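**Q** Please find protein_0.csv (CSV, C-alpha atoms and all ligand atoms) on the next line:
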chain,number,residue,atom,x,y,z
A,1395,MET,CA,10.3,24.9,-13.3
A,1396,SER,CA,8.6,28.3,-13.7
A,1397,GLY,CA,5.9,29.4,-11.2
A,1398,LYS,CA,3.1,28.8,-13.7
A,1399,MET,CA,4.2,25.3,-14.7
A,1400,PRO,CA,2.9,23.3,-11.8
A,1401,ASN,CA,-0.6,24.6,-12.3
A,1402,LEU,CA,-0.5,23.9,-16.0
A,1403,LEU,CA,0.7,20.5,-15.3
A,1404,PHE,CA,-2.0,20.0,-12.7
A,1405,CYS,CA,-4.6,20.8,-15.3
A,1406,LEU,CA,-3.0,18.5,-17.8
A,1407,TRP,CA,-3.0,15.9,-15.1
A,1408,ASN,CA,-6.7,16.3,-14.6
A,1409,GLN,CA,-7.3,16.1,-18.3
A,1410,PHE,CA,-5.3,12.9,-18.3
A,1411,VAL,CA,-7.5,11.5,-15.5
A,1412,VAL,CA,-10.7,12.4,-17.2
A,1413,PHE,CA,-9.8,11.3,-20.7
A,1414,ARG,CA,-7.3,8.6,-20.4
A,1415,TYR,CA,-8.8,6.4,-17.7
A,1416,SER,CA,-10.4,3.5,-19.4
A,1417,CYS,CA,-11.2,1.4,-16.3
A,1418,GLY,CA,-10.3,-2.2,-15.8
A,1419,PRO,CA,-13.0,-4.5,-14.3
A,1420,PHE,CA,-12.0,-3.5,-10.7
A,1421,ILE,CA,-11.0,0.1,-11.4
A,1422,SER,CA,-14.5,1.4,-11.5
A,1423,HIS,CA,-14.5,5.1,-11.2
A,1424,SER,CA,-16.4,7.9,-12.7
A,1425,PHE,CA,-14.7,11.3,-12.5
A,1426,PRO,CA,-17.3,14.0,-12.3
A,1427,SER,CA,-16.0,17.4,-13.2
A,1428,ILE,CA,-12.6,16.4,-11.8
A,1429,SER,CA,-10.8,19.4,-13.1
A,1430,LYS,CA,-12.8,21.5,-10.6
A,1431,VAL,CA,-11.9,19.4,-7.7
A,1432,VAL,CA,-9.5,20.9,-5.3
A,1433,LEU,CA,-8.7,18.8,-2.3
A,1434,SER,CA,-10.2,20.2,0.9
A,1435,MET,CA,-11.1,18.6,4.2
A,1436,SER,CA,-14.0,16.3,3.5
A,1437,ALA,CA,-17.5,16.6,4.6
A,1438,SER,CA,-17.0,13.9,7.2
A,1439,ASN,CA,-13.7,15.3,8.3
A,1440,GLU,CA,-12.5,11.8,8.8
A,1441,VAL,CA,-8.8,11.3,7.9
A,1442,ILE,CA,-7.7,8.0,6.5
A,1443,LEU,CA,-4.0,7.3,6.2
A,1444,SER,CA,-2.0,4.4,4.9
A,1445,GLY,CA,1.6,3.9,3.7
A,1446,ILE,CA,3.4,1.4,1.7
A,1447,ARG,CA,7.1,0.8,1.4
A,1448,PRO,CA,8.7,1.3,-2.0
A,1449,THR,CA,9.8,-2.3,-2.4
A,1450,GLY,CA,9.8,-2.3,-6.2
A,1451,ARG,CA,7.1,-3.5,-8.6
A,1452,LEU,CA,3.7,-3.8,-7.2
A,1453,HIS,CA,2.1,-7.3,-7.3
A,1454,TYR,CA,-1.4,-8.7,-7.1
A,1455,GLY,CA,-1.0,-9.2,-3.4
A,1456,ASN,CA,-0.4,-5.5,-3.0
A,1457,TYR,CA,-3.3,-4.6,-5.3
A,1458,PHE,CA,-6.0,-6.8,-3.8
A,1459,GLY,CA,-4.7,-6.5,-0.3
A,1460,ALA,CA,-4.3,-2.7,-0.2
A,1461,ILE,CA,-4.6,-0.6,-3.4
A,1462,HIS,CA,-8.0,-2.0,-4.3
A,1463,HIS,CA,-9.2,-0.9,-0.9
A,1464,PHE,CA,-7.7,2.5,-1.2
A,1465,LEU,CA,-9.6,3.0,-4.5
A,1466,LYS,CA,-12.8,2.2,-2.8
A,1467,LEU,CA,-12.0,4.5,0.1
A,1468,GLN,CA,-11.4,7.5,-2.2
A,1469,GLU,CA,-15.0,7.1,-3.4
A,1470,GLY,CA,-16.2,8.1,0.0
A,1471,ASP,CA,-16.1,11.5,1.6
A,1472,ALA,CA,-13.2,11.1,4.0
A,1473,THR,CA,-9.8,12.8,3.4
A,1474,CYS,CA,-7.4,10.1,2.2
A,1475,PHE,CA,-3.7,10.4,2.7
A,1476,TYR,CA,-1.5,7.7,1.2
A,1477,PHE,CA,2.3,7.9,1.2
A,1478,ILE,CA,5.3,6.0,0.0
A,1479,ALA,CA,7.4,5.2,3.0
A,1480,ASP,CA,10.9,5.9,1.7
A,1481,TYR,CA,12.4,6.6,5.1
A,1482,HIS,CA,11.2,3.2,6.3
A,1483,ALA,CA,12.6,1.6,3.2
A,1484,LEU,CA,16.1,2.7,4.4
A,1485,THR,CA,15.9,0.0,7.0
A,1486,THR,CA,16.2,-2.6,4.2
A,1487,ILE,CA,17.3,-0.9,0.9
A,1488,THR,CA,21.0,-0.5,0.6
A,1489,GLU,CA,21.4,0.5,-3.0
A,1490,ARG,CA,21.1,4.3,-3.0
A,1491,LYS,CA,19.9,4.5,-6.6
A,1492,ASP,CA,17.0,2.1,-6.0
A,1493,ILE,CA,15.2,4.0,-3.4
A,1494,TYR,CA,14.5,7.1,-5.5
A,1495,ARG,CA,13.6,5.0,-8.6
A,1496,GLN,CA,11.4,2.6,-6.7
A,1497,THR,CA,9.6,5.4,-5.0
A,1498,LEU,CA,8.8,7.2,-8.2
A,1499,ASP,CA,7.8,4.0,-10.0
A,1500,MET,CA,5.6,2.9,-7.2
A,1501,LEU,CA,3.9,6.2,-7.2
A,1502,ARG,CA,3.4,6.0,-11.0
A,1503,THR,CA,1.9,2.5,-10.5
A,1504,TYR,CA,-0.5,3.8,-7.8
A,1505,VAL,CA,-1.8,6.4,-10.2
A,1506,ALA,CA,-1.9,4.0,-13.1
A,1507,CYS,CA,-4.1,1.7,-10.9
A,1508,GLY,CA,-6.6,4.6,-10.5
A,1509,LEU,CA,-5.5,6.4,-7.4
A,1510,ASP,CA,-6.9,9.8,-8.2
A,1511,PRO,CA,-4.6,12.7,-7.4
A,1512,ALA,CA,-7.6,14.9,-7.0
A,1513,ARG,CA,-9.3,12.7,-4.4
A,1514,SER,CA,-6.4,11.2,-2.5
A,1515,VAL,CA,-3.3,13.0,-1.4
A,1516,VAL,CA,-0.4,10.7,-2.4
A,1517,TYR,CA,2.9,11.9,-1.0
A,1518,ARG,CA,6.4,10.8,-0.2
A,1519,GLN,CA,7.2,10.4,3.4
A,1520,SER,CA,10.6,12.2,3.2
A,1521,ASP,CA,8.9,15.2,1.7
A,1522,LEU,CA,7.4,15.7,5.2
A,1523,PRO,CA,10.7,15.9,7.1
A,1524,CYS,CA,8.9,17.1,10.2
A,1525,THR,CA,7.9,13.4,10.6
A,1526,ALA,CA,11.5,12.7,11.5
A,1527,GLU,CA,11.3,15.4,14.2
A,1528,LEU,CA,8.1,14.0,15.6
A,1529,SER,CA,9.6,10.5,15.6
A,1530,LEU,CA,12.5,11.9,17.6
A,1531,LEU,CA,10.1,13.5,20.1
A,1532,LEU,CA,8.1,10.3,20.4
A,1533,GLY,CA,11.2,8.3,20.9
A,1534,MET,CA,11.9,10.2,24.1
A,1535,ILE,CA,8.8,8.6,25.7
A,1536,THR,CA,9.0,5.1,24.1
A,1537,ASN,CA,10.1,2.2,26.2
A,1538,ILE,CA,12.8,0.0,24.5
A,1539,GLY,CA,11.1,-3.1,26.0
A,1540,HIS,CA,7.9,-2.2,24.2
A,1541,LEU,CA,9.8,-2.0,20.9
A,1542,GLU,CA,11.6,-5.3,21.5
A,1543,ARG,CA,8.3,-7.1,21.9
A,1544,GLY,CA,7.2,-6.1,18.4
A,1545,THR,CA,6.6,-9.2,16.3
A,1546,THR,CA,7.9,-7.7,13.1
A,1547,TYR,CA,11.1,-6.6,14.9
A,1548,LYS,CA,11.6,-10.0,16.4
A,1549,ASP,CA,11.0,-11.6,13.0
A,1550,LYS,CA,13.5,-9.4,11.1
A,1551,PHE,CA,16.0,-9.6,13.9
A,1552,GLY,CA,15.8,-13.4,13.8
A,1553,LYS,CA,16.2,-13.5,10.1
A,1554,LEU,CA,19.3,-11.2,10.3
A,1555,GLN,CA,20.8,-13.4,12.9
A,1556,ASP,CA,20.2,-16.5,10.9
A,1557,ASP,CA,21.8,-15.0,7.8
A,1558,PRO,CA,25.3,-16.4,7.4
A,1559,ARG,CA,26.4,-13.1,5.9
A,1560,THR,CA,25.6,-11.3,9.1
A,1561,THR,CA,28.6,-10.4,11.3
A,1562,GLY,CA,28.5,-8.7,14.7
A,1563,ASN,CA,25.3,-7.1,15.9
A,1564,PRO,CA,23.1,-6.6,12.8
A,1565,LEU,CA,20.6,-4.5,14.5
A,1566,SER,CA,20.1,-0.9,13.4
A,1567,TYR,CA,18.6,1.8,15.6
A,1568,GLY,CA,16.2,2.4,12.6
A,1569,LEU,CA,14.9,-1.2,12.7
A,1570,LEU,CA,14.2,-1.1,16.4
A,1571,GLY,CA,12.6,2.4,16.0
A,1572,TYR,CA,10.5,1.4,13.0
A,1573,PRO,CA,7.3,1.5,15.0
A,1574,VAL,CA,8.1,5.0,16.4
A,1575,LEU,CA,8.6,6.4,12.9
A,1576,MET,CA,5.4,4.7,11.9
A,1577,ALA,CA,3.6,6.2,14.9
A,1578,ALA,CA,4.9,9.6,13.8
A,1579,ASP,CA,3.5,9.0,10.2
A,1580,ILE,CA,0.1,8.2,11.7
A,1581,LEU,CA,-0.1,10.8,14.4
A,1582,ILE,CA,1.4,13.7,12.4
A,1583,VAL,CA,-1.7,13.9,10.1
A,1584,LYS,CA,-4.1,13.3,13.0
A,1585,ALA,CA,-5.4,10.1,11.3
A,1586,ASP,CA,-8.7,8.6,12.4
A,1587,VAL,CA,-8.5,5.4,10.4
A,1588,VAL,CA,-5.4,3.5,9.4
A,1589,PRO,CA,-6.2,0.6,7.1
A,1590,VAL,CA,-3.4,-1.9,7.2
A,1591,GLY,CA,-3.0,-5.6,6.7
A,1592,ASP,CA,-2.7,-8.0,9.7
A,1593,ASP,CA,1.1,-7.8,9.7
A,1594,GLN,CA,1.0,-4.1,10.4
A,1595,ARG,CA,-1.8,-4.1,12.9
A,1596,GLN,CA,0.5,-4.3,15.9
A,1597,HIS,CA,2.4,-1.3,14.7
A,1598,VAL,CA,-0.8,0.8,14.6
A,1599,GLU,CA,-1.7,-0.4,18.1
A,1600,MET,CA,1.8,0.8,19.2
A,1601,ALA,CA,1.0,4.2,17.7
A,1602,CYS,CA,-2.2,4.4,19.7
A,1603,ASP,CA,-0.2,3.4,22.9
A,1604,ILE,CA,2.5,6.0,22.2
A,1605,ALA,CA,-0.1,8.8,21.6
A,1606,GLU,CA,-1.9,7.9,24.8
A,1607,LYS,CA,1.3,7.8,26.8
A,1608,PHE,CA,2.4,11.1,25.4
A,1609,ASN,CA,-0.9,12.9,26.1
A,1610,HIS,CA,-1.0,11.4,29.6
A,1611,ARG,CA,2.7,12.2,30.4
A,1612,PHE,CA,2.4,15.9,29.3
A,1613,GLY,CA,-1.3,16.4,30.4
A,1614,CYS,CA,-2.3,17.4,26.9
A,1615,GLU,CA,-4.3,16.4,23.9
A,1616,ALA,CA,-1.5,17.1,21.4
A,1617,LEU,CA,-1.8,13.7,19.7
A,1618,HIS,CA,-5.0,12.4,18.2
A,1619,ARG,CA,-5.4,8.7,18.6
A,1620,PRO,CA,-6.7,6.8,15.6
A,1621,LYS,CA,-10.2,5.5,16.2
A,1622,ALA,CA,-10.3,2.4,14.1
A,1623,VAL,CA,-7.8,0.0,12.7
A,1624,GLY,CA,-8.4,-2.6,10.0
A,1625,ARG,CA,-9.1,-3.4,6.5
A,1626,GLU,CA,-10.9,-6.4,5.0
A,1627,ALA,CA,-7.6,-7.4,3.5
A,1628,LEU,CA,-7.5,-10.3,1.1
A,1629,ARG,CA,-4.5,-12.4,1.5
A,1630,LEU,CA,-3.5,-13.7,-1.9
A,1631,PRO,CA,-1.6,-17.0,-2.1
A,1632,GLY,CA,1.7,-17.1,-3.9
A,1633,LEU,CA,2.2,-18.6,-7.4
A,1634,ASP,CA,4.2,-21.3,-5.7
A,1635,GLY,CA,1.1,-22.3,-3.7
A,1636,SER,CA,2.4,-20.9,-0.5
A,1637,ALA,CA,0.1,-19.0,1.8
A,1638,LYS,CA,1.1,-15.4,0.9
A,1639,MET,CA,2.2,-13.6,-2.3
A,1640,GLY,CA,5.3,-11.7,-1.3
A,1641,LYS,CA,8.2,-10.1,-3.1
A,1642,SER,CA,10.9,-11.6,-0.9
A,1643,ASP,CA,9.4,-15.1,-1.6
A,1644,ASN,CA,9.8,-14.6,-5.4
A,1645,ASN,CA,6.3,-15.9,-6.0
A,1646,THR,CA,4.5,-12.8,-7.3
A,1647,LEU,CA,2.4,-11.9,-10.2
A,1648,ASP,CA,3.1,-8.2,-10.9
A,1649,LEU,CA,0.7,-5.5,-12.2
A,1650,LEU,CA,3.2,-4.5,-14.8
A,1651,ASP,CA,3.9,-8.1,-16.1
A,1652,ASP,CA,3.3,-8.3,-19.9
A,1653,PRO,CA,1.3,-11.1,-21.5
A,1654,LYS,CA,4.3,-13.3,-22.2
A,1655,THR,CA,5.5,-13.0,-18.6
A,1656,VAL,CA,2.0,-13.6,-17.2
A,1657,LEU,CA,1.6,-16.8,-19.3
A,1658,LYS,CA,5.0,-18.1,-18.3
A,1659,LYS,CA,4.3,-17.4,-14.6
A,1660,ILE,CA,0.8,-18.9,-14.7
A,1661,LYS,CA,2.1,-22.0,-16.5
A,1662,SER,CA,4.6,-22.5,-13.8
A,1663,VAL,CA,1.9,-22.9,-11.1
A,1664,VAL,CA,2.0,-26.5,-10.0
A,1665,THR,CA,-1.3,-28.3,-10.5
A,1666,SER,CA,-0.4,-31.9,-9.9
A,1667,THR,CA,-3.5,-32.8,-7.8
A,1668,GLU,CA,-6.4,-34.4,-9.6
A,1669,PRO,CA,-9.7,-32.7,-8.8
A,1670,LEU,CA,-10.9,-33.8,-5.3
A,1671,PRO,CA,-14.5,-33.8,-4.1
A,1672,LEU,CA,-15.3,-30.4,-2.5
A,1673,ASP,CA,-17.3,-30.7,0.7
A,1674,THR,CA,-19.6,-27.9,-0.4
A,1675,ASP,CA,-22.1,-27.3,-3.2
A,1676,SER,CA,-21.6,-23.6,-2.9
A,1677,LYS,CA,-20.9,-21.5,-6.0
A,1678,ASP,CA,-19.6,-18.6,-4.0
A,1679,PRO,CA,-15.9,-18.1,-4.8
A,1680,GLU,CA,-15.2,-16.9,-1.2
A,1681,VAL,CA,-16.4,-20.3,0.0
A,1682,VAL,CA,-15.1,-22.5,-2.7
A,1683,VAL,CA,-11.6,-21.0,-3.4
A,1684,PRO,CA,-10.1,-21.7,0.1
A,1685,LYS,CA,-11.1,-25.4,-0.3
A,1686,LEU,CA,-9.1,-25.9,-3.4
A,1687,PRO,CA,-5.6,-27.4,-3.1
A,1688,GLY,CA,-2.3,-25.4,-3.5
A,1689,GLY,CA,-1.8,-24.2,-7.0
A,1690,LEU,CA,-5.4,-24.5,-8.0
A,1691,ASN,CA,-6.3,-22.2,-5.1
A,1692,VAL,CA,-4.3,-19.4,-6.6
A,1693,LEU,CA,-5.5,-20.0,-10.1
A,1694,TYR,CA,-9.2,-19.9,-9.2
A,1695,GLN,CA,-8.6,-16.9,-6.9
A,1696,LEU,CA,-7.0,-15.0,-9.9
A,1697,LEU,CA,-9.9,-16.1,-12.1
A,1698,HIS,CA,-12.4,-14.9,-9.6
A,1699,LEU,CA,-10.6,-11.5,-9.3
A,1700,THR,CA,-10.1,-10.8,-12.9
A,1701,ALA,CA,-12.7,-12.7,-15.0
A,1702,PRO,CA,-16.5,-12.4,-15.2
A,1703,ASP,CA,-18.4,-14.7,-12.8
A,1704,GLU,CA,-19.6,-17.0,-15.7
A,1705,VAL,CA,-16.1,-17.9,-16.5
A,1706,PHE,CA,-15.3,-18.7,-12.9
A,1707,GLN,CA,-18.5,-20.8,-12.6
A,1708,ASP,CA,-17.7,-22.7,-15.8
A,1709,PHE,CA,-14.3,-23.7,-14.5
A,1710,LEU,CA,-15.8,-24.6,-11.1
A,1711,GLU,CA,-18.2,-26.9,-12.9
A,1712,GLN,CA,-15.3,-28.5,-14.8
A,1713,TYR,CA,-13.5,-29.0,-11.5
A,1714,ARG,CA,-16.5,-30.8,-10.0
A,1715,THR,CA,-17.0,-33.0,-13.1
A,1716,GLY,CA,-13.3,-33.8,-13.4
A,1717,GLY,CA,-11.3,-34.3,-16.6
A,1718,LYS,CA,-8.3,-32.7,-18.2
A,1719,PHE,CA,-8.8,-28.9,-18.2
A,1720,TYR,CA,-5.9,-27.5,-16.3
A,1721,GLY,CA,-4.1,-26.4,-19.5
A,1722,ASN,CA,-7.2,-24.5,-20.6
A,1723,LEU,CA,-7.7,-23.1,-17.1
A,1724,LYS,CA,-4.2,-21.7,-17.1
A,1725,LYS,CA,-4.6,-20.1,-20.5
A,1726,THR,CA,-7.8,-18.5,-19.5
A,1727,VAL,CA,-6.4,-17.1,-16.2
A,1728,ALA,CA,-3.4,-15.7,-18.1
A,1729,GLU,CA,-5.7,-14.0,-20.6
A,1730,HIS,CA,-7.8,-12.3,-18.0
A,1731,VAL,CA,-4.8,-11.3,-15.9
A,1732,SER,CA,-3.2,-9.8,-19.0
A,1733,LYS,CA,-6.4,-7.9,-19.8
A,1734,PHE,CA,-6.4,-6.6,-16.2
A,1735,ASN,CA,-2.8,-5.5,-16.5
A,1736,GLU,CA,-3.2,-3.9,-19.9
A,1737,PRO,CA,-4.6,-0.4,-19.0
A,1738,ILE,CA,-2.3,-0.2,-15.9
A,1739,ILE,CA,0.8,-0.8,-18.1
A,1740,GLU,CA,-0.5,1.6,-20.7
A,1741,ARG,CA,-0.9,4.4,-18.1
A,1742,PHE,CA,2.3,3.5,-16.4
A,1743,ASN,CA,4.2,4.0,-19.7
A,1744,ASP,CA,2.4,7.2,-20.7
A,1745,PRO,CA,5.3,9.6,-21.6
A,1746,ALA,CA,3.4,12.5,-20.1
A,1747,ILE,CA,3.9,11.0,-16.6
A,1748,ASN,CA,7.6,11.4,-16.5
A,1749,ASP,CA,9.8,12.0,-13.4
A,1750,ASP,CA,9.5,15.8,-13.6
A,1751,PHE,CA,5.8,15.4,-13.7
A,1752,ILE,CA,5.8,13.1,-10.7
A,1753,GLU,CA,8.1,15.4,-8.8
A,1754,ASP,CA,5.8,18.3,-9.3
A,1755,PHE,CA,2.9,16.3,-8.2
A,1756,LEU,CA,4.8,15.2,-5.1
A,1757,ARG,CA,5.7,18.8,-4.3
A,1758,ASP,CA,2.0,19.8,-4.6
A,1759,ASN,CA,0.9,17.1,-2.3
A,1760,ALA,CA,3.6,17.7,0.3
A,1761,LYS,CA,2.3,21.3,0.4
A,1762,LYS,CA,-1.2,19.9,1.2
A,1763,VAL,CA,-0.1,17.8,4.1
A,1764,THR,CA,2.5,20.1,5.6
A,1765,PRO,CA,0.2,22.5,7.5
A,1766,VAL,CA,-1.5,19.7,9.5
A,1767,ALA,CA,1.8,18.0,10.1
A,1768,LEU,CA,3.5,21.2,11.4
A,1769,ASP,CA,0.5,21.9,13.6
A,1770,THR,CA,1.0,18.5,15.3
A,1771,VAL,CA,4.7,18.9,15.8
A,1772,GLU,CA,4.4,22.4,17.2
A,1773,GLY,CA,1.7,21.1,19.6
A,1774,CYS,CA,4.1,18.4,20.8
A,1775,ARG,CA,7.0,20.8,21.2
A,1776,GLU,CA,4.8,23.0,23.3
A,1777,ALA,CA,3.5,20.1,25.3
A,1778,MET,CA,7.1,18.9,26.0
A,1779,GLY,CA,8.2,22.3,27.0
A,1780,ILE,CA,10.7,23.2,24.3
A,1781,GLY,CA,8.3,25.6,22.7
A,1782,ARG,CA,7.7,26.6,19.2
A,1783,SER,CA,10.3,26.4,16.6
A,1784,LEU,CA,11.9,29.8,15.8
A,1785,TYR,CA,13.1,28.4,12.6
A,1786,ARG,CA,9.6,28.0,11.4
A,1787,ALA,CA,8.1,31.2,12.9
B,1801,LIG,N1,5.1,-0.4,7.8
B,1801,LIG,C1,4.2,-0.3,6.7
B,1801,LIG,C2,4.4,-1.6,5.8
B,1801,LIG,O1,5.5,-2.1,5.7
B,1801,LIG,C3,4.3,0.9,5.9
B,1801,LIG,C4,4.0,2.1,6.7
B,1801,LIG,C5,4.9,3.0,7.2
B,1801,LIG,C6,2.7,2.5,7.2
B,1801,LIG,N2,4.3,3.9,7.9
B,1801,LIG,C7,2.9,3.7,7.9
B,1801,LIG,C8,1.4,2.0,7.0
B,1801,LIG,C9,1.9,4.3,8.6
B,1801,LIG,C10,0.4,2.6,7.6
B,1801,LIG,C11,0.6,3.8,8.4
B,1801,LIG,O2,3.6,-2.0,5.1
Take the structure in the file and write it out as structure tokens.

**A**
Amino acid sequence: MSGKMPNLLFCLWNQFVVFRYSCGPFISHSFPSISKVVLSMSASNEVILSGIRPTGRLHYGNYFGAIHHFLKLQEGDATCFYFIADYHALTTITERKDIYRQTLDMLRTYVACGLDPARSVVYRQSDLPCTAELSLLLGMITNIGHLERGTTYKDKFGKLQDDPRTTGNPLSYGLLGYPVLMAADILIVKADVVPVGDDQRQHVEMACDIAEKFNHRFGCEALHRPKAVGREALRLPGLDGSAKMGKSDNNTLDLLDDPKTVLKKIKSVVTSTEPLPLDTDSKDPEVVVPKLPGGLNVLYQLLHLTAPDEVFQDFLEQYRTGGKFYGNLKKTVAEHVSKFNEPIIERFNDPAINDDFIEDFLRDNAKKVTPVALDTVEGCREAMGIGRSLYRA
């Protein structure tokens, strides 16, 4: 790629953002003079960071649990860093071709959902290799007992042990050290806020502990502890009626599902229960939806998330009066879900957003994050006594 090309592409990208974004009901942005926006530290100087593993196609649980929240955050004046955790994915992905493809496709989906490259810096974890160095340094002061008490680690270890295909000790150093690498991700950009779902909260707390221990041990302030943790995450039930939509449970509705697939998946939701009296007169979806049984719970939740409120209220009324309406409910949910997916699919498939384009965009963003990351690593090296890196000088 010639030296001029990235800039040209960046302009094209901005044009794309301005002219091509027809927003779905929950992708509500205006992009004022976006072509002039150059990312700089925000007025508030607050840094928000979150990461997501490239696990393949993004589903509604990812969208309403995380991406939807990221879109709202980028409207504020904090600096938002979001990255695709491809190093972390190596703890579970074994097919070498998948990791690159899934990372790029995930990135494309993020942008197709409305994550604005001019307002949020979206990067790939491995494009910041100094994260691996920080992880190594942090590993020197991290107690193994602390890591062994991690709930995600215990969970994954347990599953590996129960798997009949497992032979010998299935544990990798990477799996045990997962929270150390995650601490490096967070601390390297000096994040203030790390919005994660409940399942990742303990990892963020571990990052805070590691930072505190490091600063205390070396009598320094080299690591900045995140101030706040948390996100009002919505936990979407699975299409099989289970508590959580998750890729490994094979119960997901995906953002890139076409209308035929959507209809098939929605039809498969089990709705065997006749309407039961609800012990509330509330019309508030947040109050009513959790009271609905299994499959209906997910259908009404999806209706609430993708359809106008009148449609939700109409079906709530039908539930209260009883009768045979489940077929119609499913058809309506499928229609609204497909309408929601349509602009995302269209943007995902835009031929202008090809791999070269994404690669350039990643390169640009890695450049934006690198200075702060190097500053952190050099600070830690100094604090630990090995001094600055000659290689980088
Ligand atoms: N472990 C997170 C997950 O599985 C992904 C992740 C990696 C992350 N590093 C992070 C999230 C740093 C927040 C901050 O979802």

**Q** Once you count all atoms listed in the file, which residues end up within 7 Å of ligand LIG 1801 (chain B), and could you hand them over as a PyMOL selection string?

**A** chain A and resi 1443-1447+1479+1482+1576-1577+1579-1580+1588-1590+1594

**Q** I need the residue nearest Arg1741 in chain A from this list: A:Val1574, A:Leu1650, A:Val1681, A:Cys1474. Use all atoms listed in the file for the distance.

**A**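 For Arg1741 in chain A, the nearest of the given residues is A:Leu1650.
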
**Q** Please provide as a VMD selection string all residues within 12 Å of Leu1630 in chain A, with the sequence filter that same-chain residues fewer than 3 positions apart are discarded (counting only C-alpha atoms).

**A** chain A and resid 1453 to 1460 1591 1627 1633 to 1640 1645 to 1647 1683 to 1684 1688 to 1689 1691 to 1696 1698 to 1699

**Q** Nearest to Gly1568 in chain A: which of A:Val1587, A:Gly1632, A:Tyr1481, A:Leu1528 is it, counting all atoms listed in the file?

**A**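 Of the candidates, the smallest distance to Gly1568 in chain A is held by A:Tyr1481.
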
**Q** If I take CA of Glu1776 in chain A and CA of Arg1611 in chain A, how far is one from the other in Å, to one decimal?

**A**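 The value is 13.1 Å.
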
**Q** Using only C-alpha atoms, pick whichever of A:Ser1529, A:Thr1545, A:Gly1552, A:Thr1561 has the shortest atom-to-atom distance to Arg1595 in chain A.

**A** A:Thr1545

**Q** Which range 1447-1476 of chain A residues have any atom within 12 Å of an atom of range 1747-1768 of chain A, and for each, what is the nearest pair of atoms with distance in Å to one decimal, counting all atoms listed in the file, rows sorted by chain and number, as a Markdown table?

**A**
| residue | atom | partner | partner_atom | distance |
| --- | --- | --- | --- | --- |
| A:Thr1473 | CA | A:Val1763 | CA | 10.9 |
| A:Cys1474 | CA | A:Val1763 | CA | 10.8 |
| A:Phe1475 | CA | A:Val1763 | CA | 8.3 |
| A:Tyr1476 | CA | A:Asn1759 | CA | 10.3 |

**Q** From the list A:Lys1584, A:Lys1725, A:Lys1718, A:Arg1451, which residue is nearest Tyr1504 in chain A when using all atoms listed in the file?

**A** A:Arg1451

**Q** Which residue, A:His1618, A:Glu1680, A:Ala1506, A:Leu1672, has the smallest gap to Thr1715 in chain A when you use all atoms listed in the file?

**A** A:Leu1672

**Q** With all atoms listed in the file as the counted atoms, please give the residues lying no more than 7 Å from range 1598-1605 of chain A, apart from itself and same-chain residues fewer than 5 positions off, as number ranges by chain.

**A** A: 1536, 1573, 1577, 1617-1620

**Q** Find the distance between CA of Val1441 in chain A and CA of Ala1585 in chain A and write it in Å to one decimal.

**A**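 Answer for the CA of Val1441 in chain A to CA of Ala1585 in chain A separation: 5.0 Å.
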
**Q** I'd like to know which of A:Pro1558, A:Asp1549, A:Leu1532, A:Asn1743 is closest to Thr1770 in chain A, using all atoms listed in the file.

**A**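 Checking each of A:Pro1558, A:Asp1549, A:Leu1532, A:Asn1743 against Thr1770 in chain A, counting all atoms listed in the file, the winner is A:Leu1532.
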
**Q** Just want the 12 Å neighbourhood of Glu1668 in chain A, counted on all atoms listed in the file, with same-chain residues fewer than 5 positions away dropped. Output as a compact mmCIF listing (two decimals) with C-alpha atoms, in the frame of the given file.

**A**
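Output (out.txt):
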# COMPACT_ATOMS: atom_id res chain seq x y z
CA LEU A 1686 -9.10 -25.90 -3.40
CA PRO A 1687 -5.60 -27.40 -3.10
CA GLY A 1688 -2.30 -25.40 -3.50
CA GLY A 1689 -1.80 -24.20 -7.00
CA LEU A 1690 -5.40 -24.50 -8.00
CA GLN A 1712 -15.30 -28.50 -14.80
CA TYR A 1713 -13.50 -29.00 -11.50
CA ARG A 1714 -16.50 -30.80 -10.00
CA THR A 1715 -17.00 -33.00 -13.10
CA GLY A 1716 -13.30 -33.80 -13.40
CA GLY A 1717 -11.30 -34.30 -16.60
CA LYS A 1718 -8.30 -32.70 -18.20
CA PHE A 1719 -8.80 -28.90 -18.20
CA TYR A 1720 -5.90 -27.50 -16.30

**Q** Excluding Gln1468 in chain A and its own-chain neighbours fewer than 5 positions away, which residues fall within 9 Å of it when counting only C-alpha atoms? Please give them as a list of chain:residue names.

**A**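 My list of contacting residues is A:His1463, A:Thr1473, A:Cys1474, A:Leu1509, A:Asp1510, A:Arg1513, A:Ser1514.
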